Amino acid sequence: MLSEKLLGKLNEQITHEFFSAHYYLAMAAYFKKEDLDGFANFFIVQAEEERFHAMKFFEFINDQGAEAVISGFKNPKRDFNSAEEIFELALEHEKLVSSLINELMSVAQEEKHYPSISFLQWFIDEQVEEEASMGKLLNQIKRVGEKGHGILMLDRELASRTFTPETE
């Protein structure tokens with residue numbers, strides 16, 4: 001059974017995951033406006049992943065016999081100046097999400113709630129990948145700059161990204 005404290009933290013994470021999806025859609029909108037559809041696709045797929053993560057929390061809470069609570073969140077930033085700025089913000093955001101997941105794991109471990117510990121390990125591993133991906137793309141943008149062929153080649157590469165939810 002989930003304690004009130006752990007349930008509250010899990011429900012907060014649902015909100016964080018849905019906020020992340022909206023934040024990434026705002027980033028995709030910037031890239032659409034800039035005619036960089038590959039970059040837009042990257043963040044649209046990222047938003048799909050975040051919604052998938054939110055629903056994993058939703059299902060886990062319900063599977064534990066508790067009630068998932070969906071709450072509102074603030075509007076995401078939508079005024080951006082460059083691809084580099086966006087990837088810096090996305091990396092910073094992924095680091096925040098990692099810290100939230102780690103905090104959740106700490107609560108689960110303190111309470112010795114083994115189903116939550118097992119469930120959260122997937123997210124800890126996922127966050128390592130998320131931070132690495134954002135960091136790599138940020139470094140590539142810094143290398144090629146935002147004008148010229150390099151950014152267009154990166155845009156074409158990102159256009160092929162798709163989201164395939166895992167099946168258990």
# chains A, B, ... in the order shown; residues from 1 in each chain; ligands from 1
>>> residues_around(residues="Ala90 of chain A", least_positions_apart="4", cutoff="12 Å", atoms="only C-alpha atoms", output="VMD selection string")
chain A and resid 20 to 21 23 to 28 42 to 43 46 to 47 76 to 77 80 83 to 86 94 to 97 130 to 138
>>> write_last_selection(atoms="N, CA and C atoms", output="short mmCIF file (atom, residue, chain, number, x, y, z; two decimals), in the first residue's frame")
data_model
loop_
_atom_site.label_atom_id
_atom_site.label_comp_id
_atom_site.auth_asym_id
_atom_site.auth_seq_id
_atom_site.Cartn_x
_atom_site.Cartn_y
_atom_site.Cartn_z
N SER A 20 6.22 18.59 -18.74
CA SER A 20 7.35 18.37 -19.65
C SER A 20 6.86 18.23 -21.09
N ALA A 21 5.78 17.50 -21.28
CA ALA A 21 5.22 17.33 -22.63
C ALA A 21 4.84 18.68 -23.22
N TYR A 23 5.97 21.63 -22.33
CA TYR A 23 7.20 22.42 -22.50
C TYR A 23 7.86 22.05 -23.83
N TYR A 24 7.94 20.77 -24.11
CA TYR A 24 8.57 20.33 -25.35
C TYR A 24 7.73 20.68 -26.57
N LEU A 25 6.42 20.71 -26.44
CA LEU A 25 5.58 21.16 -27.55
C LEU A 25 5.80 22.65 -27.83
N ALA A 26 6.01 23.44 -26.78
CA ALA A 26 6.32 24.86 -26.97
C ALA A 26 7.64 25.00 -27.73
N MET A 27 8.60 24.15 -27.43
CA MET A 27 9.87 24.17 -28.15
C MET A 27 9.67 23.76 -29.60
N ALA A 28 8.84 22.75 -29.83
CA ALA A 28 8.53 22.31 -31.19
C ALA A 28 7.89 23.44 -31.99
N PHE A 42 11.70 16.30 -33.40
CA PHE A 42 12.42 15.80 -32.22
C PHE A 42 11.64 16.12 -30.95
N PHE A 43 11.17 17.37 -30.82
CA PHE A 43 10.47 17.76 -29.60
C PHE A 43 9.03 17.26 -29.54
N GLN A 46 9.56 13.91 -28.28
CA GLN A 46 9.91 14.04 -26.86
C GLN A 46 8.65 14.25 -26.02
N ALA A 47 7.72 15.07 -26.53
CA ALA A 47 6.45 15.30 -25.82
C ALA A 47 5.65 14.00 -25.71
N PRO A 76 4.15 26.71 -19.97
CA PRO A 76 5.58 26.61 -20.23
C PRO A 76 6.10 27.87 -20.92
N LYS A 77 7.39 28.10 -20.80
CA LYS A 77 8.05 29.18 -21.54
C LYS A 77 7.80 28.95 -23.01
N PHE A 80 11.56 31.83 -27.27
CA PHE A 80 12.92 31.32 -27.40
C PHE A 80 13.66 32.14 -28.44
N ALA A 83 18.20 27.76 -31.24
CA ALA A 83 18.25 26.31 -30.99
C ALA A 83 19.15 26.01 -29.80
N GLU A 84 20.25 26.70 -29.72
CA GLU A 84 21.17 26.47 -28.60
C GLU A 84 20.48 26.75 -27.27
N GLU A 85 19.75 27.87 -27.20
CA GLU A 85 19.03 28.19 -25.96
C GLU A 85 18.03 27.08 -25.62
N ILE A 86 17.31 26.60 -26.61
CA ILE A 86 16.31 25.57 -26.36
C ILE A 86 16.95 24.30 -25.83
N GLU A 94 15.71 18.34 -18.10
CA GLU A 94 15.91 16.90 -17.86
C GLU A 94 16.66 16.67 -16.56
N LYS A 95 17.60 17.55 -16.24
CA LYS A 95 18.31 17.43 -14.96
C LYS A 95 17.35 17.65 -13.79
N LEU A 96 16.41 18.57 -13.94
CA LEU A 96 15.39 18.78 -12.91
C LEU A 96 14.54 17.52 -12.75
N VAL A 97 14.10 16.96 -13.86
CA VAL A 97 13.27 15.74 -13.80
C VAL A 97 14.06 14.61 -13.13
N GLU A 130 18.08 10.42 -21.29
CA GLU A 130 17.52 11.73 -21.66
C GLU A 130 18.57 12.84 -21.54
N GLU A 131 19.28 12.85 -20.43
CA GLU A 131 20.30 13.88 -20.24
C GLU A 131 21.41 13.74 -21.28
N ALA A 132 21.82 12.52 -21.56
CA ALA A 132 22.88 12.29 -22.54
C ALA A 132 22.45 12.76 -23.92
N SER A 133 21.22 12.46 -24.30
CA SER A 133 20.71 12.85 -25.61
C SER A 133 20.66 14.36 -25.76
N MET A 134 20.12 15.04 -24.77
CA MET A 134 20.04 16.51 -24.84
C MET A 134 21.43 17.13 -24.84
N GLY A 135 22.33 16.60 -24.03
CA GLY A 135 23.69 17.12 -23.97
C GLY A 135 24.43 16.94 -25.29
N LYS A 136 24.25 15.78 -25.90
CA LYS A 136 24.90 15.51 -27.18
C LYS A 136 24.41 16.47 -28.26
N LEU A 137 23.09 16.65 -28.34
CA LEU A 137 22.54 17.55 -29.35
C LEU A 137 22.96 19.00 -29.10
N LEU A 138 23.01 19.41 -27.85
CA LEU A 138 23.48 20.75 -27.52
C LEU A 138 24.92 20.93 -28.01
#
>>> select_by_dssp(residues="segment 37-99 of chain A", states="alpha helix (DSSP H)", output="PyMOL selection string")
chain A and resi 37-63+83-99
>>> closest_residue(among="A:Met105, A:Ala54, A:Val128, A:Leu7", to="Ala66 of chain A", atoms="only C-alpha atoms")
A:Leu7
>>> residues_around(residues="Lys5 of chain A", least_positions_apart="5", cutoff="12 Å", atoms="only C-alpha atoms", output="list in words")
Leu10, Asn11, Glu12, Glu103, Leu104, Ser106, Val107, Ala108, Glu110, Glu111 and His113 of chain A
>>> write_last_selection(atoms="C-alpha atoms", output="CSV table (one decimal), in the first residue's frame")
chain,number,residue,atom,x,y,z
A,10,LEU,CA,3.9,10.0,-7.4
A,11,ASN,CA,0.9,12.2,-8.2
A,12,GLU,CA,3.1,15.3,-8.4
A,103,GLU,CA,13.8,12.3,-4.7
A,104,LEU,CA,10.9,9.9,-5.4
A,106,SER,CA,14.6,8.2,-1.8
A,107,VAL,CA,11.1,8.3,-0.4
A,108,ALA,CA,10.3,4.8,-1.8
A,110,GLU,CA,12.9,5.2,3.1
A,111,GLU,CA,9.5,3.5,3.2
A,113,HIS,CA,8.1,0.2,-0.8
>>> atom_distance(atom1="atom CA of Glu48 of chain A", atom2="atom CA of Glu17 of chain A")
10.4 Å
>>> residues_around(residues="Asp63 of chain A", least_positions_apart="4", cutoff="12 Å", atoms="only C-alpha atoms", output="JSON, numbers by chain")
{"A": [1, 2, 55, 56, 57, 58, 59, 67, 68, 115, 116, 119]}
>>> closest_residue(among="A:Lys147, A:Leu158, A:Glu49, A:Ser3", to="Gly65 of chain A", atoms="only C-alpha atoms")
A:Ser3
>>> residues_around(residues="Ile151 of chain A", least_positions_apart="4", cutoff="10 Å", atoms="only C-alpha atoms", output="number ranges by chain")
A: 36, 39, 83, 140-147, 155-157
>>> atom_distance(atom1="atom CA of Glu34 of chain A", atom2="atom CA of Gly148 of chain A")
13.8 Å
>>> decode(residues="segment 43-84 of chain A", atoms="N, CA and C atoms", output="PDB file, in the first residue's frame")
ATOM      1  N   PHE A  43      11.172  17.369 -30.817  1.00  0.00           N
ATOM      2  CA  PHE A  43      10.473  17.756 -29.598  1.00  0.00           C
ATOM      3  C   PHE A  43       9.028  17.265 -29.544  1.00  0.00           C
ATOM      4  N   ILE A  44       8.407  17.054 -30.694  1.00  0.00           N
ATOM      5  CA  ILE A  44       7.073  16.436 -30.695  1.00  0.00           C
ATOM      6  C   ILE A  44       7.178  14.997 -30.190  1.00  0.00           C
ATOM      7  N   VAL A  45       8.184  14.286 -30.658  1.00  0.00           N
ATOM      8  CA  VAL A  45       8.416  12.910 -30.182  1.00  0.00           C
ATOM      9  C   VAL A  45       8.758  12.941 -28.693  1.00  0.00           C
ATOM     10  N   GLN A  46       9.562  13.909 -28.278  1.00  0.00           N
ATOM     11  CA  GLN A  46       9.909  14.044 -26.863  1.00  0.00           C
ATOM     12  C   GLN A  46       8.648  14.254 -26.023  1.00  0.00           C
ATOM     13  N   ALA A  47       7.718  15.066 -26.533  1.00  0.00           N
ATOM     14  CA  ALA A  47       6.454  15.296 -25.821  1.00  0.00           C
ATOM     15  C   ALA A  47       5.648  14.003 -25.712  1.00  0.00           C
ATOM     16  N   GLU A  48       5.643  13.205 -26.785  1.00  0.00           N
ATOM     17  CA  GLU A  48       4.938  11.915 -26.740  1.00  0.00           C
ATOM     18  C   GLU A  48       5.537  11.018 -25.658  1.00  0.00           C
ATOM     19  N   GLU A  49       6.853  11.010 -25.562  1.00  0.00           N
ATOM     20  CA  GLU A  49       7.521  10.210 -24.528  1.00  0.00           C
ATOM     21  C   GLU A  49       7.108  10.673 -23.134  1.00  0.00           C
ATOM     22  N   GLU A  50       7.046  11.982 -22.938  1.00  0.00           N
ATOM     23  CA  GLU A  50       6.686  12.508 -21.611  1.00  0.00           C
ATOM     24  C   GLU A  50       5.248  12.146 -21.244  1.00  0.00           C
ATOM     25  N   ARG A  51       4.342  12.205 -22.208  1.00  0.00           N
ATOM     26  CA  ARG A  51       2.957  11.778 -21.936  1.00  0.00           C
ATOM     27  C   ARG A  51       2.922  10.292 -21.598  1.00  0.00           C
ATOM     28  N   PHE A  52       3.728   9.513 -22.297  1.00  0.00           N
ATOM     29  CA  PHE A  52       3.838   8.079 -22.006  1.00  0.00           C
ATOM     30  C   PHE A  52       4.332   7.869 -20.576  1.00  0.00           C
ATOM     31  N   HIS A  53       5.328   8.643 -20.169  1.00  0.00           N
ATOM     32  CA  HIS A  53       5.845   8.547 -18.800  1.00  0.00           C
ATOM     33  C   HIS A  53       4.751   8.894 -17.788  1.00  0.00           C
ATOM     34  N   ALA A  54       4.006   9.965 -18.062  1.00  0.00           N
ATOM     35  CA  ALA A  54       2.922  10.361 -17.152  1.00  0.00           C
ATOM     36  C   ALA A  54       1.919   9.219 -16.993  1.00  0.00           C
ATOM     37  N   MET A  55       1.601   8.571 -18.096  1.00  0.00           N
ATOM     38  CA  MET A  55       0.627   7.486 -18.035  1.00  0.00           C
ATOM     39  C   MET A  55       1.183   6.256 -17.328  1.00  0.00           C
ATOM     40  N   LYS A  56       2.500   6.042 -17.395  1.00  0.00           N
ATOM     41  CA  LYS A  56       3.100   4.948 -16.619  1.00  0.00           C
ATOM     42  C   LYS A  56       2.883   5.197 -15.122  1.00  0.00           C
ATOM     43  N   PHE A  57       3.083   6.439 -14.692  1.00  0.00           N
ATOM     44  CA  PHE A  57       2.828   6.774 -13.287  1.00  0.00           C
ATOM     45  C   PHE A  57       1.351   6.594 -12.960  1.00  0.00           C
ATOM     46  N   PHE A  58       0.474   7.059 -13.848  1.00  0.00           N
ATOM     47  CA  PHE A  58      -0.972   6.933 -13.668  1.00  0.00           C
ATOM     48  C   PHE A  58      -1.361   5.467 -13.461  1.00  0.00           C
ATOM     49  N   GLU A  59      -0.879   4.603 -14.351  1.00  0.00           N
ATOM     50  CA  GLU A  59      -1.206   3.176 -14.262  1.00  0.00           C
ATOM     51  C   GLU A  59      -0.608   2.534 -13.008  1.00  0.00           C
ATOM     52  N   PHE A  60       0.624   2.900 -12.667  1.00  0.00           N
ATOM     53  CA  PHE A  60       1.262   2.331 -11.486  1.00  0.00           C
ATOM     54  C   PHE A  60       0.458   2.670 -10.228  1.00  0.00           C
ATOM     55  N   ILE A  61       0.065   3.912 -10.101  1.00  0.00           N
ATOM     56  CA  ILE A  61      -0.714   4.337  -8.923  1.00  0.00           C
ATOM     57  C   ILE A  61      -2.008   3.542  -8.846  1.00  0.00           C
ATOM     58  N   ASN A  62      -2.694   3.438  -9.964  1.00  0.00           N
ATOM     59  CA  ASN A  62      -3.954   2.691  -9.976  1.00  0.00           C
ATOM     60  C   ASN A  62      -3.729   1.210  -9.702  1.00  0.00           C
ATOM     61  N   ASP A  63      -2.649   0.653 -10.238  1.00  0.00           N
ATOM     62  CA  ASP A  63      -2.336  -0.753  -9.968  1.00  0.00           C
ATOM     63  C   ASP A  63      -2.040  -1.003  -8.493  1.00  0.00           C
ATOM     64  N   GLN A  64      -1.617   0.031  -7.791  1.00  0.00           N
ATOM     65  CA  GLN A  64      -1.339  -0.075  -6.361  1.00  0.00           C
ATOM     66  C   GLN A  64      -2.604   0.125  -5.519  1.00  0.00           C
ATOM     67  N   GLY A  65      -3.740   0.272  -6.185  1.00  0.00           N
ATOM     68  CA  GLY A  65      -5.013   0.428  -5.480  1.00  0.00           C
ATOM     69  C   GLY A  65      -5.236   1.835  -4.964  1.00  0.00           C
ATOM     70  N   ALA A  66      -4.492   2.802  -5.472  1.00  0.00           N
ATOM     71  CA  ALA A  66      -4.640   4.188  -5.047  1.00  0.00           C
ATOM     72  C   ALA A  66      -5.240   4.995  -6.195  1.00  0.00           C
ATOM     73  N   GLU A  67      -5.471   6.258  -5.946  1.00  0.00           N
ATOM     74  CA  GLU A  67      -6.083   7.120  -6.957  1.00  0.00           C
ATOM     75  C   GLU A  67      -5.048   8.081  -7.528  1.00  0.00           C
ATOM     76  N   ALA A  68      -4.928   8.052  -8.846  1.00  0.00           N
ATOM     77  CA  ALA A  68      -4.084   9.024  -9.536  1.00  0.00           C
ATOM     78  C   ALA A  68      -4.845  10.344  -9.592  1.00  0.00           C
ATOM     79  N   VAL A  69      -4.154  11.402  -9.240  1.00  0.00           N
ATOM     80  CA  VAL A  69      -4.765  12.729  -9.244  1.00  0.00           C
ATOM     81  C   VAL A  69      -4.040  13.579 -10.276  1.00  0.00           C
ATOM     82  N   ILE A  70      -4.803  14.106 -11.213  1.00  0.00           N
ATOM     83  CA  ILE A  70      -4.247  14.955 -12.260  1.00  0.00           C
ATOM     84  C   ILE A  70      -4.519  16.398 -11.863  1.00  0.00           C
ATOM     85  N   SER A  71      -3.449  17.185 -11.810  1.00  0.00           N
ATOM     86  CA  SER A  71      -3.630  18.592 -11.440  1.00  0.00           C
ATOM     87  C   SER A  71      -3.012  19.486 -12.505  1.00  0.00           C
ATOM     88  N   GLY A  72      -3.327  20.758 -12.428  1.00  0.00           N
ATOM     89  CA  GLY A  72      -2.850  21.724 -13.414  1.00  0.00           C
ATOM     90  C   GLY A  72      -1.399  22.098 -13.195  1.00  0.00           C
ATOM     91  N   PHE A  73      -0.887  22.860 -14.139  1.00  0.00           N
ATOM     92  CA  PHE A  73       0.494  23.322 -14.052  1.00  0.00           C
ATOM     93  C   PHE A  73       0.586  24.672 -14.753  1.00  0.00           C
ATOM     94  N   LYS A  74       1.675  25.362 -14.508  1.00  0.00           N
ATOM     95  CA  LYS A  74       1.873  26.676 -15.119  1.00  0.00           C
ATOM     96  C   LYS A  74       2.128  26.521 -16.616  1.00  0.00           C
ATOM     97  N   ASN A  75       1.921  27.597 -17.340  1.00  0.00           N
ATOM     98  CA  ASN A  75       2.214  27.580 -18.769  1.00  0.00           C
ATOM     99  C   ASN A  75       3.719  27.488 -18.980  1.00  0.00           C
ATOM    100  N   PRO A  76       4.146  26.713 -19.967  1.00  0.00           N
ATOM    101  CA  PRO A  76       5.582  26.613 -20.226  1.00  0.00           C
ATOM    102  C   PRO A  76       6.104  27.869 -20.922  1.00  0.00           C
ATOM    103  N   LYS A  77       7.385  28.103 -20.801  1.00  0.00           N
ATOM    104  CA  LYS A  77       8.048  29.178 -21.538  1.00  0.00           C
ATOM    105  C   LYS A  77       7.796  28.950 -23.015  1.00  0.00           C
ATOM    106  N   ARG A  78       7.562  30.028 -23.743  1.00  0.00           N
ATOM    107  CA  ARG A  78       7.325  29.863 -25.171  1.00  0.00           C
ATOM    108  C   ARG A  78       8.094  30.858 -26.036  1.00  0.00           C
ATOM    109  N   ASP A  79       8.832  31.734 -25.392  1.00  0.00           N
ATOM    110  CA  ASP A  79       9.637  32.701 -26.128  1.00  0.00           C
ATOM    111  C   ASP A  79      11.089  32.248 -26.115  1.00  0.00           C
ATOM    112  N   PHE A  80      11.559  31.826 -27.272  1.00  0.00           N
ATOM    113  CA  PHE A  80      12.922  31.324 -27.397  1.00  0.00           C
ATOM    114  C   PHE A  80      13.664  32.141 -28.443  1.00  0.00           C
ATOM    115  N   ASN A  81      14.994  32.138 -28.341  1.00  0.00           N
ATOM    116  CA  ASN A  81      15.808  32.928 -29.262  1.00  0.00           C
ATOM    117  C   ASN A  81      16.670  32.105 -30.194  1.00  0.00           C
ATOM    118  N   SER A  82      16.906  30.843 -29.850  1.00  0.00           N
ATOM    119  CA  SER A  82      17.815  30.048 -30.678  1.00  0.00           C
ATOM    120  C   SER A  82      17.684  28.569 -30.340  1.00  0.00           C
ATOM    121  N   ALA A  83      18.202  27.755 -31.238  1.00  0.00           N
ATOM    122  CA  ALA A  83      18.246  26.308 -30.993  1.00  0.00           C
ATOM    123  C   ALA A  83      19.146  26.010 -29.801  1.00  0.00           C
ATOM    124  N   GLU A  84      20.254  26.699 -29.721  1.00  0.00           N
ATOM    125  CA  GLU A  84      21.167  26.466 -28.599  1.00  0.00           C
ATOM    126  C   GLU A  84      20.480  26.754 -27.270  1.00  0.00           C
TER     127      GLU A  84
END
